[in-house]
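A.B. asks: Sharing my_file-v5.txt (compact mmCIF, C-alpha atoms and all ligand atoms) below.
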# COMPACT_ATOMS: atom_id res chain seq x y z
CA MET A 1 -32.63 25.54 70.41
CA LYS A 2 -36.32 24.86 69.72
CA ASN A 3 -37.35 25.72 73.27
CA VAL A 4 -35.58 29.04 72.98
CA PHE A 5 -37.62 29.85 69.89
CA VAL A 6 -40.90 28.86 71.57
CA VAL A 7 -40.13 31.24 74.45
CA LEU A 8 -39.00 33.96 72.06
CA LYS A 9 -42.10 33.53 69.94
CA LYS A 10 -44.41 33.82 72.93
CA LYS A 11 -42.63 36.92 74.21
CA PHE A 12 -42.54 38.29 70.72
CA LEU A 13 -46.27 37.91 70.24
CA VAL A 14 -46.80 39.91 73.41
CA CYS A 15 -44.61 42.65 71.95
CA VAL A 16 -46.51 42.61 68.68
CA LEU A 17 -49.81 42.91 70.53
CA VAL A 18 -48.50 45.79 72.64
CA VAL A 19 -47.19 47.62 69.62
CA LEU A 20 -50.25 46.99 67.50
CA THR A 21 -52.36 48.37 70.32
CA MET A 22 -50.04 51.37 70.41
CA ALA A 23 -50.15 51.72 66.65
CA THR A 24 -53.93 51.85 66.73
CA GLY A 25 -53.70 55.05 68.71
CA VAL A 26 -50.59 56.50 67.12
CA LEU A 27 -51.20 55.89 63.49
CA GLY A 28 -54.94 55.61 63.26
CA VAL A 29 -54.51 51.99 62.27
CA VAL A 30 -57.38 49.60 62.72
CA GLY A 31 -57.57 45.95 61.84
CA ALA A 32 -55.13 43.56 60.20
CA LYS A 33 -51.69 44.38 58.84
CA LYS A 34 -52.79 44.33 55.21
CA THR A 35 -55.50 46.94 55.70
CA MET A 36 -53.19 49.34 57.56
CA SER A 37 -52.70 52.75 56.09
CA PRO A 38 -50.27 54.37 58.51
CA LYS A 39 -49.91 58.12 58.59
CA PRO A 40 -47.86 60.10 58.72
CA GLN A 41 -45.32 58.24 56.62
CA PHE A 42 -42.04 57.94 58.44
CA ALA A 43 -38.69 57.82 56.70
CA ILE A 44 -35.62 56.14 58.14
CA VAL A 45 -32.07 55.36 57.05
CA VAL A 46 -30.93 51.80 57.73
CA ASP A 47 -27.16 51.60 57.62
CA ALA A 48 -25.45 48.22 57.25
CA GLY A 49 -22.01 48.63 58.80
CA HIS A 50 -18.74 47.69 57.05
CA GLY A 51 -18.57 46.27 53.48
CA GLY A 52 -16.04 45.42 50.78
CA VAL A 53 -12.50 44.91 52.08
CA ASP A 54 -13.78 45.76 55.56
CA GLY A 55 -15.65 42.61 56.56
CA GLY A 56 -15.92 43.57 60.24
CA ALA A 57 -16.14 40.85 62.89
CA VAL A 58 -15.94 37.19 61.81
CA GLY A 59 -17.67 34.16 63.33
CA SER A 60 -15.08 31.63 64.50
CA GLN A 61 -17.19 28.52 63.74
CA THR A 62 -18.79 29.38 60.42
CA GLY A 63 -16.58 32.18 59.09
CA ILE A 64 -19.63 34.42 58.55
CA THR A 65 -18.66 38.08 58.30
CA GLU A 66 -20.30 41.05 59.93
CA ASN A 67 -20.55 42.59 56.46
CA GLU A 68 -22.92 39.78 55.33
CA LEU A 69 -25.00 39.70 58.51
CA ASN A 70 -25.34 43.47 58.74
CA LEU A 71 -26.71 43.51 55.21
CA GLN A 72 -29.16 40.66 55.91
CA PHE A 73 -30.47 42.45 59.00
CA ALA A 74 -30.68 45.80 57.18
CA GLN A 75 -32.67 44.25 54.33
CA THR A 76 -35.00 42.42 56.73
CA LEU A 77 -35.61 45.60 58.74
CA LYS A 78 -36.23 47.51 55.52
CA GLN A 79 -38.83 44.98 54.41
CA ILE A 80 -40.69 45.11 57.74
CA CYS A 81 -40.72 48.92 57.83
CA GLN A 82 -41.88 49.16 54.22
CA GLU A 83 -44.78 46.82 54.98
CA TYR A 84 -45.95 49.50 57.40
CA GLY A 85 -45.68 52.24 54.81
CA TRP A 86 -42.39 53.74 55.95
CA LYS A 87 -39.84 55.00 53.49
CA VAL A 88 -36.50 53.25 53.99
CA VAL A 89 -33.14 54.27 52.56
CA LEU A 90 -30.31 51.72 52.81
CA THR A 91 -26.76 53.07 52.80
CA ARG A 92 -25.73 49.92 50.92
CA SER A 93 -27.68 47.08 49.32
CA ASP A 94 -24.86 44.66 48.44
CA LEU A 95 -21.61 43.41 49.97
CA SER A 96 -19.42 46.08 48.35
CA GLY A 97 -17.82 48.82 50.39
CA LEU A 98 -19.08 52.40 50.20
CA TYR A 99 -15.59 53.87 49.72
CA SER A 100 -14.29 55.21 46.45
CA PRO A 101 -12.00 52.59 44.81
CA LEU A 102 -9.31 55.25 44.40
CA ALA A 103 -9.42 56.49 47.98
CA SER A 104 -6.18 56.11 49.92
CA ASN A 105 -8.10 56.19 53.21
CA LYS A 106 -10.99 53.81 52.56
CA LYS A 107 -12.48 54.10 56.05
CA ARG A 108 -12.73 57.87 55.77
CA SER A 109 -14.08 57.65 52.23
CA GLU A 110 -16.86 55.22 53.21
CA MET A 111 -17.86 57.26 56.25
CA GLU A 112 -18.16 60.38 54.10
CA LYS A 113 -20.38 58.42 51.72
CA ARG A 114 -22.62 57.26 54.56
CA LYS A 115 -22.91 60.85 55.77
CA GLU A 116 -23.82 62.03 52.27
CA ILE A 117 -26.55 59.37 51.92
CA ILE A 118 -27.99 60.22 55.36
CA GLU A 119 -28.06 63.96 54.64
CA LYS A 120 -29.67 63.51 51.21
CA SER A 121 -32.30 61.13 52.59
CA LYS A 122 -34.25 63.71 54.63
CA ALA A 123 -35.07 60.78 56.94
CA ASP A 124 -36.47 61.13 60.46
CA LEU A 125 -33.76 58.99 62.03
CA VAL A 126 -30.82 56.66 61.44
CA VAL A 127 -30.36 53.04 62.51
CA SER A 128 -26.91 51.54 61.99
CA ILE A 129 -26.62 47.75 62.15
CA HIS A 130 -23.53 45.95 63.47
CA MET A 131 -22.47 42.66 65.06
CA ASN A 132 -20.19 42.59 68.07
CA SER A 133 -17.12 40.54 69.03
CA PHE A 134 -15.25 40.21 72.32
CA ALA A 135 -12.33 38.25 73.75
CA ASP A 136 -14.53 36.67 76.43
CA LYS A 137 -16.64 34.23 74.41
CA SER A 138 -19.30 33.98 77.10
CA VAL A 139 -20.45 37.58 76.50
CA CYS A 140 -23.64 37.77 74.44
CA GLY A 141 -26.73 39.89 73.77
CA ALA A 142 -27.80 42.94 71.82
CA ASN A 143 -26.80 46.48 72.79
CA VAL A 144 -28.06 49.80 71.46
CA PHE A 145 -25.81 52.89 71.44
CA TYR A 146 -26.47 56.64 71.09
CA ALA A 147 -24.36 59.81 70.95
CA LYS A 148 -23.71 61.36 74.36
CA GLU A 149 -25.22 64.77 73.61
CA SER A 150 -28.29 63.53 71.74
CA VAL A 151 -31.48 63.55 73.82
CA GLN A 152 -33.56 62.23 70.91
CA GLY A 153 -30.93 59.62 70.13
CA GLN A 154 -31.04 58.45 73.74
CA MET A 155 -34.84 58.22 73.67
CA LEU A 156 -34.75 56.21 70.45
CA ALA A 157 -31.96 53.95 71.72
CA ASN A 158 -33.75 53.26 75.00
CA ALA A 159 -37.03 52.51 73.20
CA VAL A 160 -35.29 49.83 71.10
CA GLN A 161 -33.23 48.45 74.01
CA GLU A 162 -36.39 48.15 76.15
CA ILE A 163 -38.14 46.10 73.45
CA PHE A 164 -35.02 43.86 73.25
CA PHE A 165 -35.17 43.48 77.02
CA GLU A 166 -38.86 42.58 76.96
CA THR A 167 -38.78 40.22 73.98
CA MET A 168 -35.26 39.01 73.16
CA GLN A 169 -33.88 37.83 76.51
CA VAL A 170 -31.14 40.48 76.67
CA ARG A 171 -29.81 41.54 80.06
CA ASN A 172 -29.65 45.33 79.57
CA SER A 173 -32.83 47.37 79.66
CA LYS A 174 -30.98 50.64 79.07
CA ALA A 175 -29.03 51.76 76.01
CA LYS A 176 -25.41 52.90 76.23
CA VAL A 177 -23.43 55.93 75.11
CA GLY A 178 -21.22 55.13 72.12
CA ASP A 179 -18.58 57.22 70.39
CA TYR A 180 -19.20 56.30 66.76
CA TYR A 181 -18.91 58.50 63.67
CA ILE A 182 -22.29 57.39 62.32
CA LEU A 183 -24.04 58.68 65.46
CA ASN A 184 -22.61 62.16 65.03
CA CYS A 185 -22.42 62.67 61.28
CA ALA A 186 -25.89 64.15 60.84
CA ASP A 187 -28.34 66.20 62.85
CA LYS A 188 -30.86 63.37 63.29
CA PRO A 189 -31.67 60.96 66.10
CA SER A 190 -29.23 58.13 65.43
CA ILE A 191 -28.58 54.76 67.02
CA LEU A 192 -26.07 51.99 66.46
CA ILE A 193 -27.26 48.47 67.24
CA GLU A 194 -24.79 45.70 68.00
CA CYS A 195 -27.24 42.85 67.35
CA GLY A 196 -25.19 40.17 69.07
CA PHE A 197 -21.73 38.68 69.52
CA LEU A 198 -20.10 36.68 66.72
CA SER A 199 -17.52 35.64 69.33
CA ASN A 200 -20.21 33.73 71.25
CA ASP A 201 -20.71 30.25 69.74
CA LYS A 202 -24.45 30.09 70.37
CA GLU A 203 -25.14 33.61 69.17
CA GLU A 204 -23.00 33.19 66.06
CA LEU A 205 -25.46 30.52 64.90
CA LEU A 206 -28.57 32.31 66.18
CA LEU A 207 -27.71 35.53 64.31
CA GLN A 208 -27.67 33.56 61.05
CA ASP A 209 -31.09 32.02 61.68
CA LYS A 210 -33.69 33.67 59.42
CA GLU A 211 -36.46 33.39 62.01
CA TYR A 212 -34.25 35.00 64.66
CA GLN A 213 -33.32 37.77 62.22
CA GLN A 214 -37.02 38.44 61.61
CA GLN A 215 -37.73 38.54 65.35
CA MET A 216 -34.87 40.89 66.10
CA CYS A 217 -35.72 43.22 63.21
CA TYR A 218 -39.35 43.25 64.29
CA ALA A 219 -38.19 44.17 67.79
CA ILE A 220 -36.16 47.05 66.29
CA PHE A 221 -39.21 48.16 64.31
CA CYS A 222 -41.34 48.01 67.50
CA GLY A 223 -38.77 50.13 69.34
CA ILE A 224 -38.72 52.77 66.60
CA LEU A 225 -42.52 52.83 66.58
CA LYS A 226 -42.49 53.28 70.37
CA TYR A 227 -40.10 56.21 69.90
CA PHE A 228 -42.32 57.86 67.26
CA GLU A 229 -45.26 57.40 69.60
CA SER A 230 -43.43 59.27 72.38
CA LEU A 231 -42.88 62.40 70.25
ZN ZN B 301 -19.20 46.65 63.20
What do you get writing this file as structure tokens?

C.D. replies:
Amino acid sequence: MKNVFVVLKKKFLVCVLVVLTMATGVLGVVGAKKTMSPKPQFAIVVDAGHGGVDGGAVGSQTGITENELNLQFAQTLKQICQEYGWKVVLTRSDLSGLYSPLASNKKRSEMEKRKEIIEKSKADLVVSIHMNSFADKSVCGANVFYAKESVQGQMLANAVQEIFFETMQVRNSKAKVGDYYILNCADKPSILIECGFLSNDKEELLLQDKEYQQQMCYAIFCGILKYFESL
């Protein structure tokens, strides 16, 4: 496990250097993180999937739910983006579901709520966080999805997937088309990230590791920055 982190850290530092170099040009940023004053200020929605009675996928060894992990990743990503001066709106900030308690169709109710939050936010883009699960336990790795018709969504998704490919040892360098409500509910570039597989024993533990969460969220941040730079 330690060796994996050493490799990840090295690759990650390369990514940070690349992106910081990029940021110098894009944002007029010079010098250390603390002295950065990025402009313009970007605004993003970070959506933690599931919640409440809908726990999502469950890890078979530890019983961790997707609900919990999605929230941890969303909060970590929020923190990183805010450090760079971005405005971040979370669709949820605790483990409760977004549906109305009285709703007969809770799934529909929560999706409508997510849509409402995204529309009100006036954000530049949407990042929805999920964890995957599959019958074949050997399958692992992060995948980024975008809506079929969205050119901007595809650009954003590929920017993030490429950073994953370069820094997180994932096999895919290209994002995939996904048919998800969250990708189509607003007229903004939107991506859904399946951060890893809770059905894979190794990844179930890795996804709960705080250092790994930081690295993955930083990779997502780097991908979004790369996308903004391409505009
Ligand atoms: Zn999910």

A.B. asks: Return as a list in words every polymer residue, whether protein, DNA or RNA, with at least one atom no more than 9 Å from an atom of ligand ZN 301 (chain B); count all atoms listed in the file.

C.D. replies: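 Listed by chain and ascending number, the contacts are Ala48, Gly49, His50, Gly55, Gly56, Ala57, Glu66, Asn67, Asn70, Ile129, His130, Met131, Asn132, Ser133 and Glu194 of chain A.
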
A.B. asks: If you count only C-alpha atoms, which residues fall within 10 Å of stretch 183-186 of chain A, apart from same-chain ones fewer than 5 positions away, as a list in words?

C.D. replies: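 Near neighbours after the sequence-gap exclusion: Met111, Glu112, Arg114, Lys115, Glu116, Ile118, Glu119, Leu125, Val126, Val127, Ser128, Phe145, Tyr146, Ala147, Lys148, Glu149, Ser150, Gly153, Gly178, Ile191 and Leu192 of chain A.
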
A.B. asks: If I take atom CA of A:Asp54 and atom CA of A:Leu95, how far is one from the other in Å, to one decimal?

C.D. replies: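 For atom CA of A:Asp54 relative to atom CA of A:Leu95, the distance reads 9.9 Å.
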
A.B. asks: Can you work out which one of A:Lys78, A:Val160, A:Asp47, A:Lys202 has the shortest atom-to-atom distance to A:Ser60, counting all atoms listed in the file?

C.D. replies: A:Lys202

A.B. asks: Return the single residue from A:Leu77, A:Ala157, A:Leu231, A:Ala103 that is closest to A:Gln215, with distances computed using all atoms listed in the file.

C.D. replies: A:Leu77

A.B. asks: Hey, which of A:Ile80, A:Gln41, A:Glu110, A:Thr167 ends up closest to A:Cys217? Count all atoms listed in the file.

C.D. replies: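 For A:Cys217, the nearest of the candidates is A:Ile80.
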
A.B. asks: Identify, on the basis of only C-alpha atoms, every residue whose closest approach to stretch 136-143 of chain A does not exceed 10 Å; exclude the query and any residue fewer than 5 positions from it along the same chain; express the result as number ranges by chain.

C.D. replies: A: 130-131, 157-158, 160-161, 164-165, 168-176, 192-204, 216

A.B. asks: Which value, in Å to one decimal, gives the distance between atom CA of A:Ile220 and atom CA of A:Ile163?

C.D. replies: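 According to the coordinates, atom CA of A:Ile220 and atom CA of A:Ile163 are separated by 7.5 Å.
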
A.B. asks: What is the atom CA of A:Ser100-atom CA of A:Val53 distance in Å, reported with one decimal?

C.D. replies: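 Those two atoms sit 11.9 Å apart.
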
A.B. asks: Extract stretch 72-85 of chain A from the coordinates I pasted, and write it as a PDB file, in the first residue's frame (atoms kept: N, CA, C and O atoms).

C.D. replies:
ATOM      1  N   GLN A  72     -17.937  12.880   1.613  1.00  0.00           N
ATOM      2  CA  GLN A  72     -16.542  13.164   1.983  1.00  0.00           C
ATOM      3  C   GLN A  72     -15.765  13.729   0.791  1.00  0.00           C
ATOM      4  O   GLN A  72     -15.023  14.704   0.915  1.00  0.00           O
ATOM      5  N   PHE A  73     -15.953  13.121  -0.366  1.00  0.00           N
ATOM      6  CA  PHE A  73     -15.265  13.609  -1.576  1.00  0.00           C
ATOM      7  C   PHE A  73     -15.756  15.016  -1.951  1.00  0.00           C
ATOM      8  O   PHE A  73     -14.949  15.885  -2.302  1.00  0.00           O
ATOM      9  N   ALA A  74     -17.067  15.221  -1.867  1.00  0.00           N
ATOM     10  CA  ALA A  74     -17.634  16.529  -2.239  1.00  0.00           C
ATOM     11  C   ALA A  74     -17.076  17.624  -1.323  1.00  0.00           C
ATOM     12  O   ALA A  74     -16.707  18.705  -1.785  1.00  0.00           O
ATOM     13  N   GLN A  75     -16.997  17.317  -0.014  1.00  0.00           N
ATOM     14  CA  GLN A  75     -16.495  18.319   0.926  1.00  0.00           C
ATOM     15  C   GLN A  75     -15.006  18.591   0.718  1.00  0.00           C
ATOM     16  O   GLN A  75     -14.544  19.724   0.829  1.00  0.00           O
ATOM     17  N   THR A  76     -14.248  17.533   0.402  1.00  0.00           N
ATOM     18  CA  THR A  76     -12.810  17.703   0.147  1.00  0.00           C
ATOM     19  C   THR A  76     -12.595  18.538  -1.113  1.00  0.00           C
ATOM     20  O   THR A  76     -11.772  19.457  -1.129  1.00  0.00           O
ATOM     21  N   LEU A  77     -13.363  18.230  -2.161  1.00  0.00           N
ATOM     22  CA  LEU A  77     -13.238  18.986  -3.412  1.00  0.00           C
ATOM     23  C   LEU A  77     -13.628  20.447  -3.192  1.00  0.00           C
ATOM     24  O   LEU A  77     -12.968  21.365  -3.699  1.00  0.00           O
ATOM     25  N   LYS A  78     -14.664  20.649  -2.404  1.00  0.00           N
ATOM     26  CA  LYS A  78     -15.113  22.016  -2.099  1.00  0.00           C
ATOM     27  C   LYS A  78     -13.984  22.808  -1.435  1.00  0.00           C
ATOM     28  O   LYS A  78     -13.679  23.937  -1.822  1.00  0.00           O
ATOM     29  N   GLN A  79     -13.357  22.166  -0.447  1.00  0.00           N
ATOM     30  CA  GLN A  79     -12.284  22.831   0.301  1.00  0.00           C
ATOM     31  C   GLN A  79     -11.127  23.237  -0.627  1.00  0.00           C
ATOM     32  O   GLN A  79     -10.635  24.361  -0.566  1.00  0.00           O
ATOM     33  N   ILE A  80     -10.731  22.306  -1.491  1.00  0.00           N
ATOM     34  CA  ILE A  80      -9.612  22.588  -2.414  1.00  0.00           C
ATOM     35  C   ILE A  80      -9.978  23.753  -3.338  1.00  0.00           C
ATOM     36  O   ILE A  80      -9.203  24.689  -3.518  1.00  0.00           O
ATOM     37  N   CYS A  81     -11.173  23.697  -3.923  1.00  0.00           N
ATOM     38  CA  CYS A  81     -11.588  24.745  -4.863  1.00  0.00           C
ATOM     39  C   CYS A  81     -11.702  26.104  -4.171  1.00  0.00           C
ATOM     40  O   CYS A  81     -11.325  27.131  -4.738  1.00  0.00           O
ATOM     41  N   GLN A  82     -12.188  26.099  -2.936  1.00  0.00           N
ATOM     42  CA  GLN A  82     -12.329  27.363  -2.201  1.00  0.00           C
ATOM     43  C   GLN A  82     -10.966  27.970  -1.878  1.00  0.00           C
ATOM     44  O   GLN A  82     -10.814  29.190  -1.856  1.00  0.00           O
ATOM     45  N   GLU A  83      -9.968  27.104  -1.648  1.00  0.00           N
ATOM     46  CA  GLU A  83      -8.614  27.607  -1.387  1.00  0.00           C
ATOM     47  C   GLU A  83      -8.086  28.392  -2.583  1.00  0.00           C
ATOM     48  O   GLU A  83      -7.204  29.229  -2.440  1.00  0.00           O
ATOM     49  N   TYR A  84      -8.619  28.086  -3.759  1.00  0.00           N
ATOM     50  CA  TYR A  84      -8.194  28.791  -4.969  1.00  0.00           C
ATOM     51  C   TYR A  84      -9.159  29.899  -5.355  1.00  0.00           C
ATOM     52  O   TYR A  84      -9.126  30.405  -6.470  1.00  0.00           O
ATOM     53  N   GLY A  85     -10.037  30.240  -4.433  1.00  0.00           N
ATOM     54  CA  GLY A  85     -10.910  31.395  -4.642  1.00  0.00           C
ATOM     55  C   GLY A  85     -12.183  31.107  -5.413  1.00  0.00           C
ATOM     56  O   GLY A  85     -12.909  32.024  -5.780  1.00  0.00           O
TER      57      GLY A  85
END
